[in-house]
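Reading through the structure tokens given below for one structure.
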Protein chains: 2
Amino acid sequence: MEKFEVTVLGCGSALPTVKHNGSGMVVNIREKYFLVDCAEGTQVELRRNRIHLNRLFTVFISHLHGDHCFGLMGLISTLGLLGRTAPLHVYGPQDIDTLFQPLIDYHCNGMTYEVVFHPIDTHQNTCIYEDRSLQVFSIPLKHRIRCCGYYFKEKELSRHILKDAIEKYAIPISQINNVKAGLDFVMPNGDVIKNELITTPPTPARSFAYCSDTVFRPEIAEMMKGVDLLYHEATFAESEKQLCSKVYHSTAKQAAEIARLAGAKQLMLGHYSSRYDDESILLKEASEVFENTILAKEGLVVTV
Amino acid sequence: MEKFEVTVLGCGSALPTVKHNGSGMVVNIREKYFLVDCAEGTQVELRRNRIHLNRLFTVFISHLHGDHCFGLMGLISTLGLLGRTAPLHVYGPQDIDTLFQPLIDYHCNGMTYEVVFHPIDTHQNTCIYEDRSLQVFSIPLKHRIRCCGYYFKEKELSRHILKDAIEKYAIPISQINNVKAGLDFVMPNGDVIKNELITTPPTPARSFAYCSDTVFRPEIAEMMKGVDLLYHEATFAESEKQLCSKVYHSTAKQAAEIARLAGAKQLMLGHYSSRYDDESILLKEASEVFENTILAKEGLVVTV
């Protein structure tokens, strides 16, 4: 099966520490590398995880708090020093262009490639990116400033054609794609071979959702129904629930509630407050609501 | 003796790697902590070296290339989150305020302390900072953009008064500072006790110079005559001498030449190009010109 892999580069929150970097995650879908958030130090974490910087395809920034974007300028600058020529597309909330363009103009004189900003409406749940095999949808989150989640959804894959059937019915190459798309095959003599006789169902399309930072917001569950892997912020434990909603964050239990409502297959927690030396309390509280929960950790690679 | 210590936080050059961070150094003079340059990741390196962020007194930025300043916004933001109240003074080339103030305005809404920028004339060799025990002088460097070295010089210390002499001549407290300052002591009966009989010479004042980035510039040696520790950039080996001056950097041998001309006591090399897996070639070439040379390395602490 083709790759669909998520690598954690950073899963701390506002204060970067020796233990946790600020937010950053790489989504590798069929060797296209999408970066989600870019805290200070992200470019070194990419190197540490042996992800070639020039493979980066597109960047998605959730919001413009420093622990999600202070590494973007360094990354952009480094890609220029490495002689990148392909444009880099950067999606993020309104202001992302007006905030970063002056810095690029100042720091990246004579750069060899173009940075193309795509400011998005963080209040909409809509398809903001599409290519041959993938769609990315915005998920409106609710934080202290404009903030957006991202839902990566493979397109429906084609059915698998049976090798035996190709031989048996002498299906010509010109008809292969039609058959894979679900059409019946009509023999030269007019006989109709039903599609289900010559194909097997497609590999299910896979999906990953990234939701950070946000207060508990049950309505987002509908926007990612059946998601395979949900990364949801879990800044605090239940004991800090009041503080949590005051600063527009979620508890681990609330993250689990979202996973349950969405019918997610797996939940990954992150964006831990630096007050937790040991995040197992977060794992415990979430697992009581949603069993298949894991803790994000720098360097963790999850296959979707 | 009171502390005068330099801690290396980063000694790589333009491309941060897993091995070397961009530039950053902490100068601890009598428990006052001065930060020189602030590449991406500097705040985490401060933590790694167990330097309390709130102890940071003043920041000096050499120039506005990313590998010397991309960590400044993160540091400023973090100090705010930690509830700092004392103003943070930041010295650096012209533009430092116009570049960073809009970012502070955007990212640090309601911050608890003030950042005070001091744009300095990078063409002048002049005292830009002074307190009770220290002066800092700007050293005009020559790089692709405005760039400034910094020379930290302790003020002349007072003479040591002999405890025995205080008893023997019954020197009153009111006269101690005069005696330490070099005056003779006049007894109540009019007898004059020569200063050198009741004191020993002061501990020599210590000094540290930071010169990065710059093309070979022998005239700066005069500006730090007799410096105890000189940190001088050594981006390339001699084999890259031509490239080196083209991009306004120095070779390790040129760094050593500056140390020799300045009559420095010790030279520390840094700002290594990422092409060197092993920097011993730089150490070798410099040591041939100036013997007491060491290589900077993240986490190295040098007592001046």
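By convention here, the chains of the structure tokens are called A, B, ... in the order presented, each chain's residues are numbered starting at 1, and ligands are numbered starting at 1 in the order presented.
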For this session: Tell me which protein, DNA and RNA residues are within 7 Å of range 59-73 of chain B, counting only C-alpha atoms, leaving out same-chain ones fewer than 2 positions away, and put them as a VMD selection string.
Result: (chain A and resid 74 107) or (chain B and resid 13 to 14 22 to 23 34 to 42 75 to 77 89 to 93 146 to 149 212)
Rows by chain and residue number, chain B within 6 Å of chain A, shortest pair, only C-alpha atoms, as a Markdown table:
```
| residue | atom | partner | partner_atom | distance |
| --- | --- | --- | --- | --- |
| B:Thr17 | CA | A:Val44 | CA | 5.7 |
| B:Val18 | CA | A:Val44 | CA | 6.0 |
| B:Gly41 | CA | A:Gly41 | CA | 5.6 |
| B:Val44 | CA | A:Thr17 | CA | 5.7 |
```
For this session: Just the residues within 9 Å of Glu114 in chain B, please, counting only C-alpha atoms, with nothing from its chain fewer than 5 positions along; format it as a PyMOL selection string.
Result: chain B and resi 85-89
Exercise. Quick one: residues within 8 Å of range 233-250 of chain A, only C-alpha atoms counted, chain neighbours fewer than 3 positions away excluded, as a count of residues only?
Worked result: 21
For this session: Could you give me the residues within range 49-281 of chain A that DSSP places in alpha helix (DSSP H), as an MDAnalysis selection string?
Result: chainID A and resid 66:69 72:81 96:107 163:169 173:180 195:198 241:246 252:262 280:281
Exercise. Could you pull the residues within 10 Å of Asp131 in chain B, counting only C-alpha atoms, minus those fewer than 5 positions along the same chain, as a VMD selection string?
Worked result: chain B and resid 136 154 to 155
So that I have them on file, write out the residues from the current selection with N, CA and C atoms, as a CSV table (one decimal), in the first residue's frame.
```
chain,number,residue,atom,x,y,z
B,136,VAL,N,30.9,47.9,27.2
B,136,VAL,CA,30.9,47.1,26.0
B,136,VAL,C,31.1,48.1,24.8
B,154,GLU,N,35.8,44.5,31.4
B,154,GLU,CA,35.6,44.9,32.8
B,154,GLU,C,36.3,46.2,33.1
B,155,LYS,N,35.7,47.0,34.0
B,155,LYS,CA,36.4,48.2,34.4
B,155,LYS,C,37.6,47.9,35.3
```
Exercise. Near Ile220 in chain A, counting only C-alpha atoms, which residues have an atom at most 12 Å away, once you skip same-chain residues fewer than 4 positions from it, shown as a ChimeraX atom specification?
Worked result: /A:123-125,137-142,148-151,209-211,214-216,224-225,227,230,232,255,257-263
Problem set entry | Residues within 8 Å of Val301 in chain A, only C-alpha atoms, excluding chain neighbours under 5 positions, as an MDAnalysis selection string | chainID A and resid 5:8
Problem set entry | Residue among B:Ile173, B:Ala221, B:Ala296, B:Val289 lying closest to Leu9 in chain B, counting only C-alpha atoms | B:Ala296
Exercise. Quick one: DSSP strand (DSSP E or B) residues in range 66-139 of chain A, as number ranges by chain?
Worked result: A: 88-93, 115-120, 127-130, 134-139
Problem set entry | Atomic distance CA of Ala256 in chain A - CA of Leu229 in chain A, expressed in Å with one decimal |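 Going from CA of Ala256 in chain A over to CA of Leu229 in chain A, I get 12.1 Å.
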Exercise. Any idea what the distance is between CA of Thr200 in chain B and CA of Lys32 in chain B?
Worked result: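 Between CA of Thr200 in chain B and CA of Lys32 in chain B the gap is 26.7 Å.
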